[in-house]
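Asker: Next comes the structure file coords39.txt, holding compact mmCIF, C-alpha atoms.
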# COMPACT_ATOMS: atom_id res chain seq x y z
CA MET A 1 12.31 15.36 -14.24
CA GLU A 2 14.96 15.95 -11.61
CA SER A 3 18.55 15.94 -12.81
CA SER A 4 20.89 13.16 -11.75
CA ASN A 5 22.93 15.77 -9.84
CA ILE A 6 19.94 16.69 -7.68
CA ILE A 7 19.07 13.04 -7.06
CA GLU A 8 22.71 12.27 -6.24
CA ASN A 9 22.88 15.21 -3.85
CA ARG A 10 19.67 14.15 -2.10
CA ASN A 11 21.06 10.65 -1.65
CA ARG A 12 24.28 12.14 -0.30
CA GLY A 13 22.23 14.15 2.16
CA VAL A 14 20.39 11.07 3.41
CA GLN A 15 23.68 9.23 3.84
CA LEU A 16 25.19 12.12 5.80
CA GLU A 17 22.12 12.38 8.01
CA ASN A 18 22.66 8.72 8.93
CA GLU A 19 26.35 9.34 9.67
CA ILE A 20 25.56 12.39 11.78
CA GLY A 21 22.92 10.38 13.62
CA LYS A 22 25.58 7.81 14.57
CA ILE A 23 27.73 10.57 16.07
CA PHE A 24 24.87 11.68 18.31
CA GLU A 25 24.20 8.06 19.29
CA GLU A 26 27.78 7.89 20.56
CA LEU A 27 26.99 10.87 22.81
CA GLY A 28 24.18 8.93 24.45
CA TRP A 29 21.12 10.10 22.49
CA ASN A 30 18.30 7.92 21.25
CA VAL A 31 18.46 9.03 17.60
CA ASN A 32 15.52 8.75 15.18
CA ASN A 33 16.02 9.65 11.49
CA HIS A 34 12.39 8.87 10.65
CA TYR A 35 10.64 10.67 13.48
CA VAL A 36 7.24 12.17 12.68
CA LEU A 37 6.03 15.07 14.78
CA GLN A 38 2.31 14.54 14.84
CA LYS A 39 -0.10 17.46 14.46
CA ASN A 40 -0.16 19.27 17.80
CA GLN A 41 -2.24 22.11 19.23
CA GLY A 42 -3.33 23.25 15.78
CA LEU A 43 -0.02 25.11 15.30
CA LEU A 44 1.61 22.83 12.73
CA GLY A 45 0.71 19.79 10.72
CA ASN A 46 2.76 16.60 10.69
CA TRP A 47 6.43 17.55 10.45
CA TYR A 48 9.43 15.44 9.49
CA PRO A 49 12.74 16.61 10.98
CA ASP A 50 16.09 15.47 9.63
CA ILE A 51 17.02 14.02 13.02
CA ALA A 52 15.11 13.79 16.30
CA LEU A 53 17.04 13.43 19.60
CA LEU A 54 15.25 11.62 22.40
CA ASP A 55 16.16 10.92 25.99
CA GLY A 56 14.52 7.54 26.30
CA GLU A 57 11.15 8.19 24.64
CA LYS A 58 10.98 11.91 25.43
CA LEU A 59 11.65 14.31 22.57
CA ILE A 60 14.41 16.74 23.56
CA GLY A 61 15.98 18.14 20.42
CA ILE A 62 15.45 18.59 16.70
CA ILE A 63 18.34 18.76 14.21
CA GLU A 64 18.02 20.32 10.77
CA ILE A 65 20.84 20.19 8.23
CA LYS A 66 21.16 22.93 5.60
CA ALA A 67 23.92 22.94 3.01
CA TYR A 68 23.81 25.97 0.73
CA SER A 69 26.41 27.09 -1.79
CA ASN A 70 24.47 30.29 -2.54
CA ASN A 71 26.41 33.11 -0.87
CA ASN A 72 23.89 35.82 -1.72
CA ARG A 73 23.16 37.64 1.54
CA ASN A 74 19.51 38.30 0.71
CA TYR A 75 18.95 34.64 -0.12
CA LEU A 76 20.60 33.42 3.08
CA THR A 77 18.72 36.00 5.14
CA LYS A 78 15.37 34.81 3.80
CA MET A 79 16.38 31.21 4.41
CA LEU A 80 17.31 31.93 8.04
CA HIS A 81 14.09 33.85 8.68
CA HIS A 82 12.22 30.80 7.40
CA VAL A 83 14.26 28.49 9.64
CA ARG A 84 13.68 30.78 12.64
CA PHE A 85 9.92 30.68 12.04
CA GLU A 86 10.13 26.91 11.61
CA ALA A 87 12.11 26.52 14.85
CA LEU A 88 9.75 28.71 16.87
CA GLY A 89 6.80 26.66 15.63
CA VAL A 90 8.48 23.38 16.48
CA LEU A 91 9.48 24.46 19.99
CA ALA A 92 6.01 25.82 20.71
CA ALA A 93 3.95 23.05 19.14
CA TYR A 94 5.93 19.96 20.05
CA GLU A 95 7.52 20.90 23.38
CA ALA A 96 11.05 20.15 22.24
CA THR A 97 13.75 21.80 24.35
CA PHE A 98 16.09 22.88 21.58
CA PHE A 99 16.37 23.10 17.82
CA MET A 100 19.84 22.63 16.37
CA LEU A 101 20.82 23.93 12.96
CA PHE A 102 23.88 23.15 10.87
CA ILE A 103 24.57 25.61 8.06
CA ASN A 104 27.50 24.42 6.00
CA LYS A 105 30.48 24.94 8.35
CA ASN A 106 28.73 26.51 11.34
CA ALA A 107 26.59 25.01 14.09
CA TYR A 108 23.80 26.84 15.92
CA LEU A 109 21.50 26.06 18.78
CA PHE A 110 18.07 27.68 18.73
CA THR A 111 16.01 28.13 21.86
CA SER A 112 12.97 30.29 22.49
CA ASN A 113 15.45 33.15 23.03
CA GLY A 114 17.09 32.87 19.60
CA PHE A 115 20.18 31.50 17.81
CA TYR A 116 23.43 30.72 19.60
CA GLN A 117 26.62 29.60 17.90
CA ILE A 118 27.98 26.57 19.74
CA ASP A 119 31.36 24.92 20.02
CA ASN A 120 30.33 21.54 21.43
CA LEU A 121 27.58 19.08 20.64
CA PRO A 122 24.75 18.67 23.14
CA THR A 123 24.56 15.49 25.19
CA PRO A 124 21.68 14.21 27.36
CA ASN A 125 23.65 15.61 30.33
CA ASN A 126 24.68 19.09 29.13
CA TYR A 127 22.03 20.32 26.69
CA MET A 128 20.58 22.73 29.26
CA ASP A 129 23.91 24.56 29.63
CA LEU A 130 25.08 25.10 26.04
CA THR A 131 23.98 28.70 25.42
CA VAL A 132 26.72 31.26 26.02
CA GLY A 133 26.52 35.04 25.64
CA GLU A 134 23.81 36.96 23.83
CA PRO A 135 21.68 35.38 21.08
CA LEU A 136 22.70 36.21 17.50
CA ASN A 137 20.54 38.15 15.10
CA ILE A 138 19.93 36.94 11.55
CA ILE A 139 22.33 39.41 9.90
CA SER A 140 25.22 38.45 12.14
CA ILE A 141 24.69 34.78 11.26
CA VAL A 142 24.64 35.58 7.53
CA ASP A 143 27.94 37.46 7.87
CA THR A 144 29.61 34.83 10.07
CA LYS A 145 32.62 33.08 8.56
CA PRO A 146 33.12 29.35 9.12
CA HIS A 147 34.26 29.14 12.71
CA VAL A 148 34.70 26.39 15.28
CA LYS A 149 36.49 27.20 18.54
CA LYS A 150 38.74 24.59 20.10
CA PRO A 151 39.36 25.68 23.68
CA VAL A 152 39.28 22.08 24.89
CA GLU A 153 39.83 18.90 22.91
CA SER A 154 36.77 17.19 24.37
CA LYS A 155 34.76 14.30 22.97
CA GLU A 156 31.90 16.66 22.16
CA GLN A 157 34.26 19.09 20.42
CA SER A 158 35.93 16.35 18.37
CA GLN A 159 32.58 14.99 17.22
CA LEU A 160 31.36 18.49 16.36
CA ASP A 161 34.33 18.74 14.00
CA GLN A 162 33.22 15.48 12.37
CA VAL A 163 29.70 16.78 11.87
CA ILE A 164 30.94 20.07 10.40
CA GLU A 165 33.17 18.16 8.00
CA LEU A 166 30.24 16.01 6.87
CA ILE A 167 28.06 19.08 6.27
CA ALA A 168 30.86 20.62 4.24
CA LYS A 169 30.80 17.54 1.96
CA LEU A 170 27.09 18.05 1.37
CA SER A 171 27.76 21.70 0.54
CA GLU A 172 30.25 20.68 -2.15
CA GLY A 173 27.51 18.65 -3.80
CA GLN A 174 25.27 21.72 -3.80
CA LYS A 175 27.97 23.75 -5.52
CA GLU A 176 28.02 21.28 -8.39
CA ILE A 177 24.31 21.85 -8.94
CA ILE A 178 24.63 25.65 -8.84
CA SER A 179 27.41 25.55 -11.44
CA ASN A 180 25.01 23.91 -13.92
CA GLN A 181 22.17 26.42 -13.52
CA VAL A 182 22.96 28.43 -16.65
CA ALA A 183 22.98 25.33 -18.85
CA MET A 184 19.76 24.13 -17.25
CA LYS A 185 18.08 27.50 -17.89
CA GLU A 186 19.08 27.38 -21.56
CA LYS A 187 17.67 23.89 -21.82
CA LEU A 188 14.41 24.90 -20.16
CA ASP A 189 14.10 27.90 -22.50
CA LYS A 190 14.42 25.57 -25.48
CA ILE A 191 11.85 23.14 -24.05
CA SER A 192 9.50 26.04 -23.34
CA GLU A 193 9.80 27.19 -26.94
CA GLN A 194 9.12 23.65 -28.20
CA ILE A 195 6.03 23.29 -26.03
CA GLU A 196 4.68 26.71 -27.00
CA THR A 197 5.12 25.81 -30.69
CA LEU A 198 3.38 22.49 -30.09
CA SER A 199 0.58 24.35 -28.30
CA GLY A 200 -0.21 26.37 -31.41
CA GLN A 201 -0.20 23.25 -33.58
CA ILE A 202 -2.50 21.37 -31.18
CA SER A 203 -4.96 24.27 -30.98
CA THR A 204 -5.13 24.48 -34.77
CA TYR A 205 -5.89 20.77 -35.11
CA GLN A 206 -8.40 20.88 -32.25
CA SER A 207 -10.34 23.67 -33.97
CA LEU A 208 -10.50 21.71 -37.22
CA VAL A 209 -11.45 18.47 -35.48
CA SER A 210 -14.19 20.15 -33.44
CA ARG A 211 -15.85 21.34 -36.64
CA GLN A 212 -15.52 17.89 -38.23
CA LEU A 213 -17.02 16.22 -35.16
CA GLY A 214 -19.96 18.61 -35.31
CA ASN A 215 -20.76 17.38 -38.82
CA ALA A 216 -20.25 13.65 -38.10
CA ASP A 217 -23.36 11.49 -38.56
CA SER A 218 -22.41 8.41 -36.53
CA GLU A 219 -20.31 7.21 -33.61
CA GLU A 220 -18.13 5.27 -36.03
CA GLU A 221 -17.41 8.40 -38.05
CA ARG A 222 -16.63 10.40 -34.91
CA GLU A 223 -14.32 7.61 -33.76
CA LYS A 224 -12.38 7.74 -37.04
CA ILE A 225 -12.02 11.53 -36.80
CA ILE A 226 -10.68 11.41 -33.24
CA SER A 227 -8.38 8.50 -34.04
CA SER A 228 -6.92 10.43 -36.99
CA PHE A 229 -6.44 13.44 -34.72
CA THR A 230 -4.54 11.41 -32.11
CA ASP A 231 -2.30 9.90 -34.80
CA GLU A 232 -1.52 13.37 -36.14
CA LEU A 233 -0.89 14.70 -32.64
CA ILE A 234 1.55 11.87 -31.89
CA GLU A 235 3.44 12.78 -35.06
CA GLN A 236 3.54 16.46 -34.08
CA ILE A 237 4.92 15.57 -30.64
CA ARG A 238 7.63 13.46 -32.25
CA ASN A 239 8.55 16.29 -34.62
CA SER A 240 8.60 18.87 -31.82
CA PHE A 241 11.11 16.82 -29.87
CA GLN A 242 12.97 15.35 -32.83
CA ASP A 243 16.30 16.32 -31.25
CA GLY A 244 15.44 13.89 -28.48
CA TYR A 245 15.08 14.26 -24.75
CA ASP A 246 18.04 14.57 -22.46
CA LEU A 247 19.48 11.04 -22.45
CA ARG A 248 19.94 10.86 -18.67
CA GLU A 249 16.41 12.13 -18.14
CA TYR A 250 15.03 9.61 -20.63
CA ARG A 251 16.97 6.71 -19.09
CA ALA A 252 15.93 7.66 -15.56
CA GLU A 253 12.24 7.70 -16.52
CA GLU A 254 12.66 4.47 -18.48
CA ASN A 255 14.26 2.73 -15.49
CA MET A 256 11.45 3.82 -13.18
CA LEU A 257 8.86 2.44 -15.60
CA ILE A 258 10.80 -0.83 -15.99
CA ASP A 259 10.75 -1.22 -12.20
CA LEU A 260 7.04 -0.38 -12.11
CA PHE A 261 5.96 -2.78 -14.89
CA ASP A 262 8.46 -5.52 -14.05
CA SER A 263 8.00 -8.50 -16.42
CA ALA A 264 5.11 -6.74 -18.21
CA TRP A 265 7.62 -4.28 -19.68
CA ASP A 266 9.06 -6.97 -21.95
CA LYS A 267 5.59 -7.79 -23.32
CA MET A 268 5.23 -4.26 -24.73
CA GLU A 269 5.94 -3.00 -28.21
CA ASN A 270 8.86 -0.56 -28.48
CA ASP A 271 6.45 2.21 -29.49
CA THR A 272 4.37 1.57 -26.38
CA GLN A 273 7.42 1.98 -24.18
CA LYS A 274 8.36 5.21 -25.95
CA PHE A 275 4.81 6.59 -25.59
CA LEU A 276 4.84 5.91 -21.84
CA ILE A 277 8.28 7.44 -21.29
CA SER A 278 7.39 10.49 -23.40
CA ALA A 279 4.08 10.95 -21.56
CA LYS A 280 5.78 10.98 -18.15
CA ILE A 281 8.52 13.36 -19.32
CA MET A 282 6.10 15.69 -21.11
CA TYR A 283 3.80 15.84 -18.07
CA LYS A 284 6.66 16.81 -15.76
CA LYS A 285 7.97 19.40 -18.21
CA GLN A 286 4.56 21.05 -18.49
CA VAL A 287 4.21 21.16 -14.70
CA THR A 288 7.72 22.64 -14.36
CA LEU A 289 7.05 25.25 -17.02
CA GLY A 290 3.83 26.44 -15.45
CA ASP A 291 1.12 24.63 -17.43
CA LEU A 292 1.70 26.62 -20.64
CA ILE A 293 -0.78 24.53 -22.62
CA ASP A 294 -3.51 22.03 -21.94
CA TYR A 295 -2.50 18.42 -21.36
CA SER A 296 -3.99 16.87 -24.51
CA GLY A 297 -0.58 15.64 -25.66
CA VAL A 298 0.05 13.80 -22.39
CA CYS A 299 -3.32 12.05 -22.41
CA VAL A 300 -2.98 11.13 -26.09
CA LEU A 301 0.42 9.53 -25.44
CA VAL A 302 -0.96 7.50 -22.52
CA THR A 303 -4.09 6.35 -24.35
CA LYS A 304 -2.08 5.61 -27.51
CA ALA A 305 0.20 3.32 -25.47
CA LEU A 306 -2.88 1.47 -24.23
CA GLU A 307 -4.34 1.31 -27.74
CA LYS A 308 -1.07 -0.05 -29.16
CA GLU A 309 -1.09 -3.08 -26.86
CA LEU A 310 -4.80 -3.75 -27.33
CA ASP A 311 -4.48 -3.42 -31.10
CA LYS A 312 -1.62 -5.93 -31.06
CA ARG A 313 -3.71 -8.59 -29.31
CA PHE A 314 -7.33 -7.93 -30.19
CA PHE A 315 -6.83 -6.88 -33.78
CA THR A 316 -3.55 -8.13 -35.27
CA GLN A 317 -3.25 -11.34 -33.24
CA PHE A 318 -7.00 -12.04 -33.27
CA MET A 319 -7.24 -11.36 -37.03
CA ASN A 320 -4.30 -13.64 -37.77
CA TYR A 321 -5.91 -16.37 -35.66
CA MET A 322 -9.20 -16.09 -37.56
CA LYS A 323 -7.51 -16.10 -40.97
CA GLU A 324 -5.51 -19.18 -40.01
CA HIS A 325 -8.41 -21.17 -38.56
CA TYR A 326 -11.17 -19.81 -40.82
CA PRO A 327 -9.43 -19.18 -44.14
CA GLY A 328 -10.98 -17.79 -47.30
CA ARG A 329 -13.69 -15.25 -48.14
CA SER A 330 -16.41 -17.79 -47.50
CA ASN A 331 -15.49 -17.82 -43.78
CA HIS A 332 -15.62 -14.07 -43.25
CA SER A 333 -19.08 -14.50 -41.77
CA GLN A 334 -17.40 -16.42 -38.94
CA PHE A 335 -15.26 -13.41 -38.00
CA PRO A 336 -16.23 -11.21 -35.02
CA THR A 337 -18.23 -8.26 -36.30
CA SER A 338 -15.80 -5.75 -34.73
CA LEU A 339 -13.07 -7.06 -37.07
CA LEU A 340 -15.19 -6.54 -40.20
CA ASN A 341 -15.99 -3.40 -42.15
CA GLN A 342 -19.45 -2.37 -43.30
CA TYR A 343 -19.14 -4.64 -46.36
CA GLY A 344 -18.39 -7.75 -44.31
CA HIS A 345 -14.69 -7.86 -45.19
CA PRO A 346 -11.77 -7.83 -42.69
CA LYS A 347 -10.95 -4.32 -41.52
CA ARG A 348 -7.71 -2.59 -42.31
CA GLN A 349 -5.58 -2.03 -39.24
CA ARG A 350 -5.88 1.76 -39.49
CA ASP A 351 -9.66 1.42 -39.13
CA TYR A 352 -9.36 -0.42 -35.81
CA THR A 353 -9.19 2.10 -32.95
CA LEU A 354 -9.35 2.31 -29.18
CA GLY A 355 -13.10 2.74 -29.54
CA SER A 356 -13.33 -0.62 -31.37
CA VAL A 357 -11.91 -2.56 -28.41
CA PRO A 358 -14.99 -2.54 -26.11
CA PHE A 359 -16.98 -4.09 -29.00
CA THR A 360 -14.34 -6.79 -29.54
CA LEU A 361 -14.39 -7.57 -25.80
CA CYS A 362 -18.22 -7.84 -25.94
CA TYR A 363 -18.61 -5.02 -23.43
CA LYS A 364 -20.50 -3.03 -26.06
CA THR A 365 -22.75 -4.34 -28.80
CA ASN A 366 -23.56 -2.81 -32.16
CA ASP A 367 -27.30 -2.24 -32.49
CA ASN A 368 -27.25 -3.45 -36.09
CA ILE A 369 -26.14 -7.04 -35.45
CA SER A 370 -28.35 -10.02 -34.72
CA LEU A 371 -28.44 -12.17 -31.60
CA ASP A 372 -26.72 -14.98 -33.53
CA GLN A 373 -23.90 -12.62 -34.49
CA GLN A 374 -23.56 -11.51 -30.85
CA GLU A 375 -23.25 -15.13 -29.75
CA ASN A 376 -20.69 -15.82 -32.48
CA ASP A 377 -18.67 -12.75 -31.44
CA LYS A 378 -18.44 -14.07 -27.88
CA ALA A 379 -17.72 -17.66 -28.97
CA LYS A 380 -14.87 -16.63 -31.28
CA LEU A 381 -13.45 -14.29 -28.65
CA LEU A 382 -13.35 -17.09 -26.07
CA GLU A 383 -11.88 -19.51 -28.60
CA PHE A 384 -9.07 -17.08 -29.41
CA CYS A 385 -8.43 -16.21 -25.76
CA HIS A 386 -8.21 -19.86 -24.71
CA ALA A 387 -5.78 -20.55 -27.51
CA GLU A 388 -3.45 -17.56 -27.21
CA LEU A 389 -4.10 -15.21 -24.28
CA PHE A 390 -5.52 -16.94 -21.21
CA THR A 391 -4.54 -20.59 -21.16
CA GLY A 392 -5.84 -22.39 -18.08
CA LYS A 393 -8.73 -20.01 -17.34
CA SER A 394 -12.42 -20.85 -17.55
CA ASP A 395 -14.91 -19.09 -19.84
CA GLU A 396 -16.33 -17.25 -16.85
CA GLU A 397 -12.92 -16.08 -15.62
CA ILE A 398 -11.98 -14.86 -19.08
CA MET A 399 -15.23 -12.94 -19.63
CA ASP A 400 -15.04 -11.36 -16.18
CA LEU A 401 -11.58 -10.01 -17.05
CA LEU A 402 -12.53 -8.86 -20.54
CA LEU A 403 -15.72 -7.11 -19.44
CA ASP A 404 -13.78 -5.27 -16.72
CA TYR A 405 -11.15 -4.25 -19.27
CA GLY A 406 -13.84 -3.20 -21.73
CA GLU A 407 -15.50 -0.94 -19.16
CA GLU A 408 -12.22 0.70 -18.15
CA ILE A 409 -11.20 1.24 -21.78
CA GLU A 410 -14.56 2.81 -22.61
CA ASN A 411 -14.21 5.19 -19.66
CA ILE A 412 -10.65 6.12 -20.62
CA LYS A 413 -11.75 6.78 -24.19
CA ASN A 414 -14.60 9.05 -23.06
CA ASP A 415 -12.80 10.81 -20.20
CA TYR A 416 -9.33 11.38 -21.65
CA ARG A 417 -8.85 10.45 -25.29
CA ASN A 418 -11.98 12.06 -26.75
CA PRO A 419 -11.63 15.36 -24.81
CA SER A 420 -8.09 15.69 -26.20
CA ALA A 421 -9.69 16.72 -29.50
CA HIS A 422 -11.21 19.81 -27.88
CA THR A 423 -9.37 22.95 -26.79
CA ASN A 424 -8.51 23.37 -23.08
CA GLN A 425 -10.61 20.46 -21.86
CA LEU A 426 -7.72 18.52 -20.32
CA GLN A 427 -5.89 20.22 -17.47
CA ARG A 428 -3.17 19.01 -15.14
CA VAL A 429 -5.58 17.19 -12.85
CA ASN A 430 -7.03 15.24 -15.81
CA ALA A 431 -3.59 14.25 -17.08
CA LYS A 432 -2.59 13.09 -13.59
CA GLU A 433 -5.77 11.02 -13.32
CA CYS A 434 -5.07 9.45 -16.73
CA ILE A 435 -1.48 8.59 -15.81
CA ASP A 436 -2.56 7.18 -12.44
CA LEU A 437 -5.30 5.06 -14.00
CA VAL A 438 -3.24 3.55 -16.81
CA ILE A 439 0.30 3.58 -15.39
CA ASP A 440 1.05 4.54 -11.81
CA VAL A 441 -1.77 3.71 -9.40
CA GLN A 442 -4.58 1.53 -10.75
CA LYS A 443 -2.03 0.25 -13.29
CA LEU A 444 -4.55 -0.87 -15.89
CA LEU A 445 -1.92 -1.51 -18.55
CA LYS A 446 0.26 -3.59 -16.22
CA ARG A 447 -2.74 -5.58 -14.96
CA MET A 448 -3.78 -6.41 -18.51
CA LEU A 449 -0.29 -7.37 -19.65
CA ASP A 450 0.27 -9.49 -16.53
CA SER A 451 -2.96 -11.36 -17.24
CA PHE A 452 -2.02 -12.12 -20.86
CA ASP A 453 0.16 -15.15 -21.65
CA GLN A 454 2.19 -13.04 -24.08
Output the structure of this file as structure tokens.
Answerer:
Amino acid sequence: MESSNIIENRNRGVQLENEIGKIFEELGWNVNNHYVLQKNQGLLGNWYPDIALLDGEKLIGIIEIKAYSNNNRNYLTKMLHHVRFEALGVLAAYEATFFMLFINKNAYLFTSNGFYQIDNLPTPNNYMDLTVGEPLNIISIVDTKPHVKKPVESKEQSQLDQVIELIAKLSEGQKEIISNQVAMKEKLDKISEQIETLSGQISTYQSLVSRQLGNADSEEEREKIISSFTDELIEQIRNSFQDGYDLREYRAEENMLIDLFDSAWDKMENDTQKFLISAKIMYKKQVTLGDLIDYSGVCVLVTKALEKELDKRFFTQFMNYMKEHYPGRSNHSQFPTSLLNQYGHPKRQRDYTLGSVPFTLCYKTNDNISLDQQENDKAKLLEFCHAELFTGKSDEEIMDLLLDYGEEIENIKNDYRNPSAHTNQLQRVNAKECIDLVIDVQKLLKRMLDSFDQ
């Protein structure tokens, strides 16, 4: 998760790019802040400059803005070598005439001959005549102090001063970030230690669970073992981060999810919201820290969020509906088979898992039940859905939705939740797929919640 300082500084940079673009517009340029240099001659891929200067529709100049508060000579030297390589590639591949670079309080023009410090901004009329003297080498640029000559108080000179002042503002924002680096490092060290500790705990549980799964005699028994593992893992994650996440980081991730889910966010349980926020934060921390452990924790958090909302509707709410409309032990035979235990009594909530949901939605069928029981399962499901989840939809519309949900839930269970019980089976790519499927891209959880009345 990026800090608010970095986000604020990036926003400041975008704002300053727009202001600088206006200055060049006043000089007669056609300015484009969203110009894309398309792949050309196999030298470079698509490239996105800070500002493109056009004379009409013809690309003439590229402007890059760099604001660094790091005064280490080696660092700045490496940065300038990178910029020089970048500039050479742009001039060769895209046939631009010049490449202009602002570094904090200095302005440079780069041509195929090298860097030149300039004292006036280029215009569509004078850009061919701006280079004066010999080109500068990298070391001389690194050692150059902030310097703007004022031999003539021209329009170009005055506007150059404005640009330099704007770049200086961006540099001040960078200094604020650098000043917090020590504190950030300490925080990352602590997070790293927490994740490494969690890694050992997860591996221990995975080893135990793998042995238990090897001795399981049925799918139902395996489901209970994995469900117990995920519950224990959730508890370990909570304990590992019991001091809480950074509040600004947590709020930033929460706000992004609120925007993403929109009205569906308010339909969620508080625990669901916390699972989603924690999953996104934990994923980003593991990526930042170099993938220290497998991503079982991330996938368990995501699938547990999904399970929480399904449990709420297709166990708790469905069970309450059945008990209200079919009261007493004599009516237990009317209950959907997925809500009953092996003795024909209503299940306890802890025995209803993510793996139970496809049976409740009639996507999967237990081999041990009769055709009459299958028909009753579907009839009671539709009755409940008409009454409390999908008012105004036909039987066909409801079953189409539920069967689609059942298939997706079964795949998520098999591809992400179940592998979490085994060591090193879930890597970054799997966690990203799981997050994309449930939250960010296919948005299964949002689609389901949007389709439900409540």
Asker: Could you check which of A:Gly28, A:Pro327, A:Pro135, A:Gln162 is closest to A:Leu16, using only C-alpha atoms?
Answerer: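 Smallest distance to A:Leu16 is found for A:Gln162.
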Asker: When you look at stretch 387-390 of chain A with a cut-off of 7 Å (counting only C-alpha atoms), what residues show up, excluding the ones that are within fewer than 5 positions of it in the same chain? I need them as a list of chain:residue names.
Answerer: A:Phe452, A:Asp453, A:Gln454
Asker: Could you list, as an MDAnalysis selection string, every residue within 12 Å of A:Glu307, counting only C-alpha atoms and ignoring same-chain residues fewer than 6 positions away?
Answerer: chainID A and resid 227 230:231 268:269 271:272 275:276 300:301 313:315 350 352:358 409:410 412:413 417 438 445
Asker: Residues as selected, C-alpha atoms, written as a CSV table (one decimal), in the frame of the given file, can you do that?
Answerer:
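File written: part14.csv
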chain,number,residue,atom,x,y,z
A,227,SER,CA,-8.4,8.5,-34.0
A,230,THR,CA,-4.5,11.4,-32.1
A,231,ASP,CA,-2.3,9.9,-34.8
A,268,MET,CA,5.2,-4.3,-24.7
A,269,GLU,CA,5.9,-3.0,-28.2
A,271,ASP,CA,6.4,2.2,-29.5
A,272,THR,CA,4.4,1.6,-26.4
A,275,PHE,CA,4.8,6.6,-25.6
A,276,LEU,CA,4.8,5.9,-21.8
A,300,VAL,CA,-3.0,11.1,-26.1
A,301,LEU,CA,0.4,9.5,-25.4
A,313,ARG,CA,-3.7,-8.6,-29.3
A,314,PHE,CA,-7.3,-7.9,-30.2
A,315,PHE,CA,-6.8,-6.9,-33.8
A,350,ARG,CA,-5.9,1.8,-39.5
A,352,TYR,CA,-9.4,-0.4,-35.8
A,353,THR,CA,-9.2,2.1,-33.0
A,354,LEU,CA,-9.4,2.3,-29.2
A,355,GLY,CA,-13.1,2.7,-29.5
A,356,SER,CA,-13.3,-0.6,-31.4
A,357,VAL,CA,-11.9,-2.6,-28.4
A,358,PRO,CA,-15.0,-2.5,-26.1
A,409,ILE,CA,-11.2,1.2,-21.8
A,410,GLU,CA,-14.6,2.8,-22.6
A,412,ILE,CA,-10.6,6.1,-20.6
A,413,LYS,CA,-11.8,6.8,-24.2
A,417,ARG,CA,-8.8,10.4,-25.3
A,438,VAL,CA,-3.2,3.6,-16.8
A,445,LEU,CA,-1.9,-1.5,-18.6
Asker: Within 10 Å of (-17.8, -11.8, -37.5) (coordinates as in the file), grab all the protein and nucleic acid residues, counting only C-alpha atoms, and write them out as a VMD selection string.
Answerer: chain A and resid 322 331 to 341 344 to 346 369 373 to 374 376 to 378 380
Asker: Write out as a count of residues only each polymer residue whose atoms come within 9 Å of A:Ile23, counting all atoms listed in the file; drop sequence neighbours fewer than 2 positions from it.
Answerer: 11
Asker: Here is a test: counting only C-alpha atoms, which residue of A:Gln342, A:Asp55, A:Gly328, A:Tyr405 is nearest to A:Phe359?
Answerer: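 Of all the options, A:Tyr405 lies closest to A:Phe359.
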Asker: I need every residue sitting at most 9 Å from the point (15.2, 6.5, 18.8) (coordinates as in the file, only C-alpha atoms considered), written as a PyMOL selection string.
Answerer: chain A and resi 29-35+52-57
Asker: Using the selection just defined, write its residues with C-alpha atoms as an mmCIF file, in the coordinates of the input.
Answerer:
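New file result00.cif:
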data_model
loop_
_atom_site.group_PDB
_atom_site.id
_atom_site.type_symbol
_atom_site.label_atom_id
_atom_site.label_comp_id
_atom_site.auth_asym_id
_atom_site.auth_seq_id
_atom_site.Cartn_x
_atom_site.Cartn_y
_atom_site.Cartn_z
ATOM 1 C CA TRP A 29 21.120 10.100 22.490
ATOM 2 C CA ASN A 30 18.300 7.920 21.250
ATOM 3 C CA VAL A 31 18.460 9.030 17.600
ATOM 4 C CA ASN A 32 15.520 8.750 15.180
ATOM 5 C CA ASN A 33 16.020 9.650 11.490
ATOM 6 C CA HIS A 34 12.390 8.870 10.650
ATOM 7 C CA TYR A 35 10.640 10.670 13.480
ATOM 8 C CA ALA A 52 15.110 13.790 16.300
ATOM 9 C CA LEU A 53 17.040 13.430 19.600
ATOM 10 C CA LEU A 54 15.250 11.620 22.400
ATOM 11 C CA ASP A 55 16.160 10.920 25.990
ATOM 12 C CA GLY A 56 14.520 7.540 26.300
ATOM 13 C CA GLU A 57 11.150 8.190 24.640
#
Asker: Separation of atom CA of A:Ile63 and atom CA of A:Pro49, in Å?
Answerer: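 Taking atom CA of A:Ile63 and atom CA of A:Pro49, their separation equals 6.8 Å.
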Asker: Go ahead and compute the interatomic distance for atom CA of A:Glu253 and atom CA of A:Ile281, in Å to one decimal.
Answerer: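 Rounded to one decimal, the two atoms are 7.3 Å apart.
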Asker: Kindly indicate which residue among A:Ile234, A:Leu121, A:Leu381, A:Ile277 lies nearest to A:Ala252, using all atoms listed in the file for the distances.
Answerer: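 So, comparing all the options, the nearest one is A:Ile277.
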